[in-house]
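Colleague: This is the content of work.cif (mmCIF, C-alpha atoms):
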data_data
loop_
_atom_site.label_atom_id
_atom_site.label_comp_id
_atom_site.auth_asym_id
_atom_site.auth_seq_id
_atom_site.Cartn_x
_atom_site.Cartn_y
_atom_site.Cartn_z
CA MET A 1 -13.78 -1.14 11.21
CA PHE A 2 -13.47 -3.31 8.09
CA THR A 3 -11.39 -6.22 6.82
CA GLY A 4 -10.71 -5.20 3.23
CA LEU A 5 -12.66 -8.18 1.89
CA ILE A 6 -15.09 -6.70 -0.64
CA ALA A 7 -18.64 -7.96 -0.16
CA ALA A 8 -20.17 -6.65 -3.37
CA LEU A 9 -19.76 -4.29 -6.31
CA GLY A 10 -22.17 -1.39 -6.31
CA THR A 11 -23.00 1.13 -9.02
CA VAL A 12 -22.95 4.91 -8.61
CA GLU A 13 -26.47 6.21 -9.10
CA ARG A 14 -25.84 9.89 -8.45
CA LEU A 15 -23.15 12.25 -7.18
CA ALA A 16 -24.48 15.64 -6.11
CA GLU A 17 -21.53 18.00 -5.72
CA GLY A 18 -21.46 21.12 -3.60
CA SER A 19 -18.64 23.66 -3.43
CA THR A 20 -16.56 21.58 -0.98
CA SER A 21 -18.60 18.45 -0.27
CA CYS A 22 -20.92 16.03 -2.04
CA ARG A 23 -23.69 13.49 -1.56
CA LEU A 24 -23.26 10.02 -3.05
CA THR A 25 -26.03 7.57 -3.95
CA VAL A 26 -25.06 3.97 -4.70
CA ARG A 27 -27.16 1.08 -6.02
CA ALA A 28 -26.27 -2.02 -4.04
CA PRO A 29 -28.97 -4.72 -4.26
CA GLN A 30 -26.65 -7.46 -2.93
CA LEU A 31 -25.55 -5.58 0.19
CA LEU A 32 -28.44 -3.71 1.79
CA SER A 33 -30.23 -6.51 3.62
CA GLY A 34 -30.32 -5.51 7.29
CA VAL A 35 -28.70 -2.12 6.68
CA LYS A 36 -30.27 0.82 8.51
CA ILE A 37 -29.80 4.58 8.73
CA GLY A 38 -26.59 5.37 10.62
CA ASP A 39 -24.75 2.19 9.59
CA SER A 40 -21.26 2.38 8.10
CA ILE A 41 -20.41 1.14 4.62
CA ALA A 42 -16.97 1.36 3.02
CA VAL A 43 -17.18 2.69 -0.53
CA ASN A 44 -13.90 2.19 -2.41
CA GLY A 45 -12.27 1.99 1.00
CA VAL A 46 -13.89 5.13 2.42
CA CYS A 47 -16.02 4.68 5.55
CA LEU A 48 -19.33 6.47 4.93
CA THR A 49 -22.48 6.75 7.05
CA VAL A 50 -25.80 5.76 5.50
CA VAL A 51 -28.16 8.76 5.73
CA HIS A 52 -30.92 7.59 3.39
CA LEU A 53 -32.24 4.26 2.11
CA ARG A 54 -34.59 3.77 -0.82
CA GLY A 55 -35.19 0.43 -2.51
CA ASP A 56 -31.82 -1.04 -3.40
CA THR A 57 -29.93 2.27 -3.04
CA PHE A 58 -28.26 4.06 -0.15
CA THR A 59 -27.06 7.64 0.16
CA ALA A 60 -24.15 9.04 2.15
CA ASP A 61 -22.76 12.51 2.72
CA VAL A 62 -19.11 13.09 1.79
CA MET A 63 -17.49 15.85 3.87
CA PRO A 64 -14.76 18.23 2.62
CA GLU A 65 -11.89 16.30 4.28
CA THR A 66 -12.99 13.14 2.46
CA VAL A 67 -13.27 15.02 -0.83
CA ARG A 68 -9.70 16.28 -0.40
CA ARG A 69 -8.20 12.91 0.54
CA THR A 70 -10.01 10.46 -1.75
CA THR A 71 -11.20 9.77 -5.28
CA LEU A 72 -14.92 9.81 -4.42
CA HIS A 73 -15.50 13.22 -6.03
CA LEU A 74 -14.23 11.78 -9.34
CA LEU A 75 -16.99 9.16 -9.53
CA GLN A 76 -19.54 9.28 -12.32
CA PRO A 77 -23.00 7.67 -12.60
CA GLY A 78 -22.56 4.09 -13.73
CA ASP A 79 -19.12 3.65 -12.17
CA ARG A 80 -18.55 0.47 -10.18
CA VAL A 81 -17.53 0.82 -6.52
CA ASN A 82 -16.23 -1.66 -3.95
CA LEU A 83 -18.56 -2.13 -0.98
CA GLU A 84 -18.09 -3.64 2.47
CA LYS A 85 -20.27 -3.49 5.58
CA ALA A 86 -18.67 -2.69 8.92
CA LEU A 87 -17.14 -5.64 10.76
CA ARG A 88 -19.29 -7.31 13.43
CA PRO A 89 -17.82 -8.88 16.59
CA THR A 90 -18.80 -12.35 15.33
CA ASP A 91 -17.13 -11.93 11.92
CA GLY A 92 -13.77 -13.47 11.09
CA LEU A 93 -10.81 -11.19 10.35
CA ASP A 94 -9.72 -12.75 7.06
CA GLY A 95 -8.12 -9.62 5.59
CA HIS A 96 -6.44 -7.05 7.84
CA ILE A 97 -7.60 -4.20 10.08
CA VAL A 98 -8.95 -1.49 7.77
CA GLN A 99 -10.42 1.67 9.27
CA GLY A 100 -11.90 3.13 6.13
CA HIS A 101 -9.84 6.28 6.75
CA VAL A 102 -8.16 6.84 3.39
CA GLU A 103 -4.87 8.72 3.71
CA GLY A 104 -4.21 9.61 0.10
CA VAL A 105 -4.54 8.79 -3.58
CA GLY A 106 -2.21 6.66 -5.68
CA THR A 107 -2.01 6.15 -9.44
CA ILE A 108 -1.85 2.84 -11.28
CA GLN A 109 1.31 2.95 -13.40
CA GLN A 110 1.32 -0.49 -14.95
CA ILE A 111 -0.70 -3.72 -15.06
CA ILE A 112 0.98 -6.90 -16.26
CA SER A 113 -0.01 -10.58 -16.35
CA GLU A 114 2.12 -13.10 -14.47
CA GLY A 115 0.87 -16.66 -14.68
CA ASN A 116 -2.64 -16.68 -13.19
CA ALA A 117 -2.06 -13.31 -11.46
CA ARG A 118 -2.46 -9.69 -12.45
CA VAL A 119 0.33 -7.49 -11.07
CA TYR A 120 -0.35 -3.81 -10.41
CA ARG A 121 2.38 -1.21 -10.00
CA ILE A 122 1.02 1.79 -8.05
CA GLN A 123 2.67 5.17 -7.57
CA ALA A 124 2.07 6.47 -4.04
CA PRO A 125 2.61 9.77 -2.19
CA GLY A 126 5.99 9.92 -0.48
CA GLU A 127 4.48 10.53 2.94
CA LEU A 128 2.69 7.16 2.74
CA LEU A 129 5.56 5.05 1.41
CA ARG A 130 7.31 4.91 4.79
CA TYR A 131 4.39 2.81 6.09
CA ILE A 132 4.32 0.43 3.11
CA VAL A 133 6.60 -2.60 3.44
CA GLU A 134 7.18 -5.72 1.37
CA LYS A 135 4.83 -8.53 2.45
CA GLY A 136 2.88 -6.06 4.58
CA SER A 137 -0.79 -5.20 4.12
CA ILE A 138 -2.34 -2.26 2.29
CA ALA A 139 -5.89 -1.31 1.34
CA VAL A 140 -6.25 -0.23 -2.30
CA ASP A 141 -9.76 1.11 -2.98
CA GLY A 142 -10.70 -0.77 0.18
CA ILE A 143 -9.25 -4.12 -0.96
CA SER A 144 -6.92 -5.85 1.48
CA LEU A 145 -3.80 -6.75 -0.50
CA THR A 146 -0.28 -7.96 0.21
CA VAL A 147 2.57 -5.70 -0.91
CA THR A 148 4.90 -7.58 -3.28
CA GLU A 149 7.62 -4.94 -3.63
CA THR A 150 8.40 -1.31 -2.84
CA ASP A 151 10.79 1.43 -3.94
CA ASP A 152 11.11 5.19 -3.60
CA SER A 153 8.10 5.97 -5.81
CA GLY A 154 5.55 3.24 -5.23
CA PHE A 155 4.73 -0.39 -4.63
CA GLY A 156 3.35 -3.51 -6.25
CA VAL A 157 0.42 -5.81 -5.48
CA SER A 158 -0.69 -9.04 -7.14
CA LEU A 159 -4.31 -10.11 -7.70
CA ILE A 160 -5.69 -13.61 -8.22
CA PRO A 161 -8.43 -13.90 -10.90
CA HIS A 162 -11.20 -13.98 -8.26
CA THR A 163 -10.12 -10.64 -6.76
CA ALA A 164 -9.81 -9.04 -10.18
CA LYS A 165 -13.31 -10.23 -11.12
CA MET A 166 -15.03 -9.29 -7.86
CA THR A 167 -13.51 -5.83 -7.30
CA THR A 168 -13.06 -2.60 -9.22
CA LEU A 169 -9.33 -3.19 -9.75
CA GLY A 170 -10.18 -5.74 -12.41
CA TYR A 171 -11.83 -2.95 -14.43
CA LYS A 172 -9.16 -0.27 -13.98
CA SER A 173 -6.36 0.76 -16.33
CA ALA A 174 -2.96 2.41 -16.10
CA GLY A 175 -3.43 6.07 -15.17
CA ASP A 176 -6.47 5.47 -12.96
CA ALA A 177 -6.46 6.83 -9.40
CA VAL A 178 -7.01 4.62 -6.35
CA ASN A 179 -7.60 5.26 -2.64
CA LEU A 180 -4.83 4.15 -0.29
CA GLU A 181 -4.91 3.28 3.40
CA THR A 182 -1.72 2.01 5.03
CA ASP A 183 -1.52 -0.32 8.02
CA ILE A 184 -2.74 1.56 11.12
CA LEU A 185 -0.39 -0.49 13.32
CA ALA A 186 2.66 1.05 11.64
CA ARG A 187 1.37 4.56 12.30
CA TYR A 188 0.67 3.82 15.97
CA VAL A 189 4.15 2.34 16.42
CA GLU A 190 5.70 5.47 14.90
CA LYS A 191 3.69 7.68 17.24
CA MET A 192 4.56 5.65 20.32
CA LEU A 193 8.26 5.69 19.44
CA GLY A 194 8.09 9.46 19.24
CA MET A 195 9.41 9.62 15.68
CA ASP A 196 8.65 12.62 13.49
CA LYS A 197 6.68 12.40 10.24
CA LYS A 198 9.91 11.90 8.26
CA GLY A 199 11.05 9.08 10.50
CA ASN A 200 14.11 10.97 11.69
CA GLY A 201 15.12 10.57 15.32
CA PHE A 202 12.73 11.13 18.17
CA ILE A 203 10.44 13.96 19.20
CA SER A 204 9.64 15.01 22.73
#
Could I get this file's structure written as structure tokens?
Modeller:
Amino acid sequence: MFTGLIAALGTVERLAEGSTSCRLTVRAPQLLSGVKIGDSIAVNGVCLTVVHLRGDTFTADVMPETVRRTTLHLLQPGDRVNLEKALRPTDGLDGHIVQGHVEGVGTIQQIISEGNARVYRIQAPGELLRYIVEKGSIAVDGISLTVTETDDSGFGVSLIPHTAKMTTLGYKSAGDAVNLETDILARYVEKMLGMDKKGNGFIS
């Protein structure tokens, strides 16, 4: 489990692609102290297991389901990535509960300046929009953000200068793809209420 508070920016060292899966190596000198084989690290919001450590790099395997659901297969050597270690019992929960289980990919439509903030308009898949509510939480490339507005095609988020500087969103442009994870609590509530995937009525 994660909080969506990015600990460091890493750099893609290598992406070895297979037919349906890939292996990702990331340089992360500021993050690897105390990390061991088998630990979890969120890379752009995707929970990955460390399978190899060498110097200031770690390597993780990316399975076919993750390739299908996320942007990781689009990464190129030199790209920046958001990194966060798994939450420890003694850590504070300053963001929101993030599983690192990305549900789909959104597209940045527009970035505008508003005072000291940078406002991002993101187009999202329709099946995810039902879980995205104004003033609720969402993880965008693993970053815990507050939703500022929603409509039938997407949503908005607003970044303070610190967040823009310390995460990959500050380096992205309109047209770029981002990983999305909605609030797990909303999905559990839907399941417990017995509602179908479209939110219509109840299922037995």
Colleague: Give as a list in words every residue, naming chains and numbers as the document does, that has an atom within 6 Å of (-5.8, -6.1, 4.3), counting only C-alpha atoms.
Modeller: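 Here the neighbourhood of the point contains Gly4, Gly95, His96, Ser137, Ile138, Ala139, Ser144 and Leu145 of chain A.
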Colleague: Evaluate the PyMOL selection byres ((chain A and resi 87) around 6) and record the selected residues as a list of chain:residue names, following the chain and residue labels used in the document.
Modeller: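 Here the PyMOL selection byres ((chain A and resi 87) around 6) matches A:Met1, A:Phe2, A:Ala86, A:Arg88.
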Colleague: For each of A:His101, A:Arg68, A:Arg121, A:Arg14, take the minimum atom-to-atom distance to Gly45 in chain A, counting all atoms listed in the file, then give the residue where this is smallest.
Modeller: A:His101
Colleague: Might you pull out every residue within 9 Å of Leu31 in chain A, with only C-alpha atoms counted and same-chain residues fewer than 4 positions away left off, and present them as number ranges by chain?
Modeller: A: 7-10, 35, 56, 83-85
Colleague: If I take CA of Val46 in chain A and CA of Ala60 in chain A, how far is one from the other in Å, to one decimal?
Modeller: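 Interatomic distance here is 11.0 Å.
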Colleague: Work out how far apart CA of Asp79 in chain A and CA of Ile132 in chain A are and give it in Å to one decimal.
Modeller: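 Here the two named atoms are 28.2 Å from each other.
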Colleague: Compare A:Met63, A:Val105, A:Val157, A:Leu48 by their minimum atom-to-atom distance to Arg118 in chain A, counting all atoms listed in the file, and give me the closest one.
Modeller: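 Using all atoms listed in the file, the shortest distance to Arg118 in chain A belongs to A:Val157.
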Colleague: Enter the distance from CA of Ile41 in chain A to CA of Lys165 in chain A, in Å, rounded to one decimal.
Modeller: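 Value for the CA of Ile41 in chain A-CA of Lys165 in chain A distance: 20.7 Å.
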Colleague: Counting only C-alpha atoms, figure out which residue out of A:Ala124, A:Ala117, A:Ile111, A:Val140 gets nearest to Val43 in chain A.
Modeller: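 Comparing A:Ala124, A:Ala117, A:Ile111, A:Val140 against Val43 in chain A, the winner is A:Val140.
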Colleague: Using only C-alpha atoms, which residue out of A:Thr66, A:Gln99, A:Thr168, A:Ser173 lies closest to Thr20 in chain A?
Modeller: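 Ranked by minimum distance to Thr20 in chain A, first place goes to A:Thr66.
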Colleague: Determine the residue membership of the PyMOL selection byres ((chain A and resi 136) around 6) for the file above and supply it as number ranges by chain.
Modeller: A: 133-135, 137, 146-147
Colleague: Convert the output of the PyMOL selection byres ((chain A and resi 24) around 9) on the shown file into explicit residues, formatted as an MDAnalysis selection string.
Modeller: chainID A and resid 12:17 22:23 25:26 58:62 72:73
Colleague: Find the residue from A:Ala177, A:Ile143, A:Leu128, A:Leu185 that sits nearest to Phe155 in chain A; use all atoms listed in the file when measuring.
Modeller: A:Leu128
Colleague: Please determine, counting all atoms listed in the file, which residue among A:Gln109, A:Asn82, A:Thr3, A:Ser33 has the shortest atom-to-atom distance to Gly55 in chain A.
Modeller: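 Looking at the shortest contact to Gly55 in chain A, the residue is A:Ser33.
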Colleague: Please export range 148-168 of chain A as an mmCIF file, in the first residue's frame, restricted to N, CA and C atoms.
Modeller:
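Everything below was put into result16.cif:
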data_model
loop_
_atom_site.group_PDB
_atom_site.id
_atom_site.type_symbol
_atom_site.label_atom_id
_atom_site.label_comp_id
_atom_site.auth_asym_id
_atom_site.auth_seq_id
_atom_site.Cartn_x
_atom_site.Cartn_y
_atom_site.Cartn_z
ATOM 1 N N THR A 148 -10.743 18.577 -8.752
ATOM 2 C CA THR A 148 -11.335 19.918 -8.672
ATOM 3 C C THR A 148 -12.666 20.018 -9.401
ATOM 4 N N GLU A 149 -12.859 19.201 -10.435
ATOM 5 C CA GLU A 149 -14.118 19.207 -11.170
ATOM 6 C C GLU A 149 -14.192 17.961 -12.035
ATOM 7 N N THR A 150 -15.422 17.583 -12.384
ATOM 8 C CA THR A 150 -15.633 16.423 -13.252
ATOM 9 C C THR A 150 -16.743 16.722 -14.250
ATOM 10 N N ASP A 151 -16.730 15.979 -15.373
ATOM 11 C CA ASP A 151 -17.856 15.984 -16.302
ATOM 12 C C ASP A 151 -17.902 14.626 -16.986
ATOM 13 N N ASP A 152 -18.599 14.522 -18.084
ATOM 14 C CA ASP A 152 -18.818 13.226 -18.719
ATOM 15 C C ASP A 152 -17.596 12.684 -19.441
ATOM 16 N N SER A 153 -16.544 13.491 -19.589
ATOM 17 C CA SER A 153 -15.374 13.016 -20.340
ATOM 18 C C SER A 153 -14.089 12.990 -19.536
ATOM 19 N N GLY A 154 -14.071 13.680 -18.384
ATOM 20 C CA GLY A 154 -12.824 13.709 -17.642
ATOM 21 C C GLY A 154 -12.938 14.476 -16.346
ATOM 22 N N PHE A 155 -11.786 14.948 -15.872
ATOM 23 C CA PHE A 155 -11.743 15.625 -14.577
ATOM 24 C C PHE A 155 -10.570 16.600 -14.544
ATOM 25 N N GLY A 156 -10.548 17.419 -13.507
ATOM 26 C CA GLY A 156 -9.448 18.358 -13.340
ATOM 27 C C GLY A 156 -8.743 18.157 -12.012
ATOM 28 N N VAL A 157 -7.461 18.482 -11.978
ATOM 29 C CA VAL A 157 -6.679 18.502 -10.744
ATOM 30 C C VAL A 157 -5.800 19.748 -10.775
ATOM 31 N N SER A 158 -5.408 20.218 -9.603
ATOM 32 C CA SER A 158 -4.601 21.432 -9.505
ATOM 33 C C SER A 158 -3.345 21.132 -8.702
ATOM 34 N N LEU A 159 -2.186 21.569 -9.219
ATOM 35 C CA LEU A 159 -0.895 21.292 -8.587
ATOM 36 C C LEU A 159 -0.261 22.575 -8.059
ATOM 37 N N ILE A 160 0.249 22.520 -6.837
ATOM 38 C CA ILE A 160 1.064 23.610 -6.321
ATOM 39 C C ILE A 160 2.452 23.506 -6.961
ATOM 40 N N PRO A 161 3.247 24.570 -6.943
ATOM 41 C CA PRO A 161 4.573 24.535 -7.576
ATOM 42 C C PRO A 161 5.458 23.396 -7.071
ATOM 43 N N HIS A 162 5.397 23.083 -5.771
ATOM 44 C CA HIS A 162 6.235 22.009 -5.230
ATOM 45 C C HIS A 162 5.911 20.679 -5.888
ATOM 46 N N THR A 163 4.621 20.365 -6.032
ATOM 47 C CA THR A 163 4.227 19.092 -6.649
ATOM 48 C C THR A 163 4.655 19.037 -8.106
ATOM 49 N N ALA A 164 4.493 20.149 -8.815
ATOM 50 C CA ALA A 164 4.903 20.185 -10.221
ATOM 51 C C ALA A 164 6.405 19.965 -10.367
ATOM 52 N N LYS A 165 7.183 20.526 -9.437
ATOM 53 C CA LYS A 165 8.643 20.411 -9.510
ATOM 54 C C LYS A 165 9.136 19.023 -9.131
ATOM 55 N N MET A 166 8.474 18.387 -8.161
ATOM 56 C CA MET A 166 8.968 17.141 -7.593
ATOM 57 C C MET A 166 8.367 15.888 -8.209
ATOM 58 N N THR A 167 7.489 16.029 -9.199
ATOM 59 C CA THR A 167 6.866 14.864 -9.839
ATOM 60 C C THR A 167 6.930 15.002 -11.359
ATOM 61 N N THR A 168 6.590 13.921 -12.035
ATOM 62 C CA THR A 168 6.646 13.922 -13.495
ATOM 63 C C THR A 168 5.601 14.824 -14.137
#
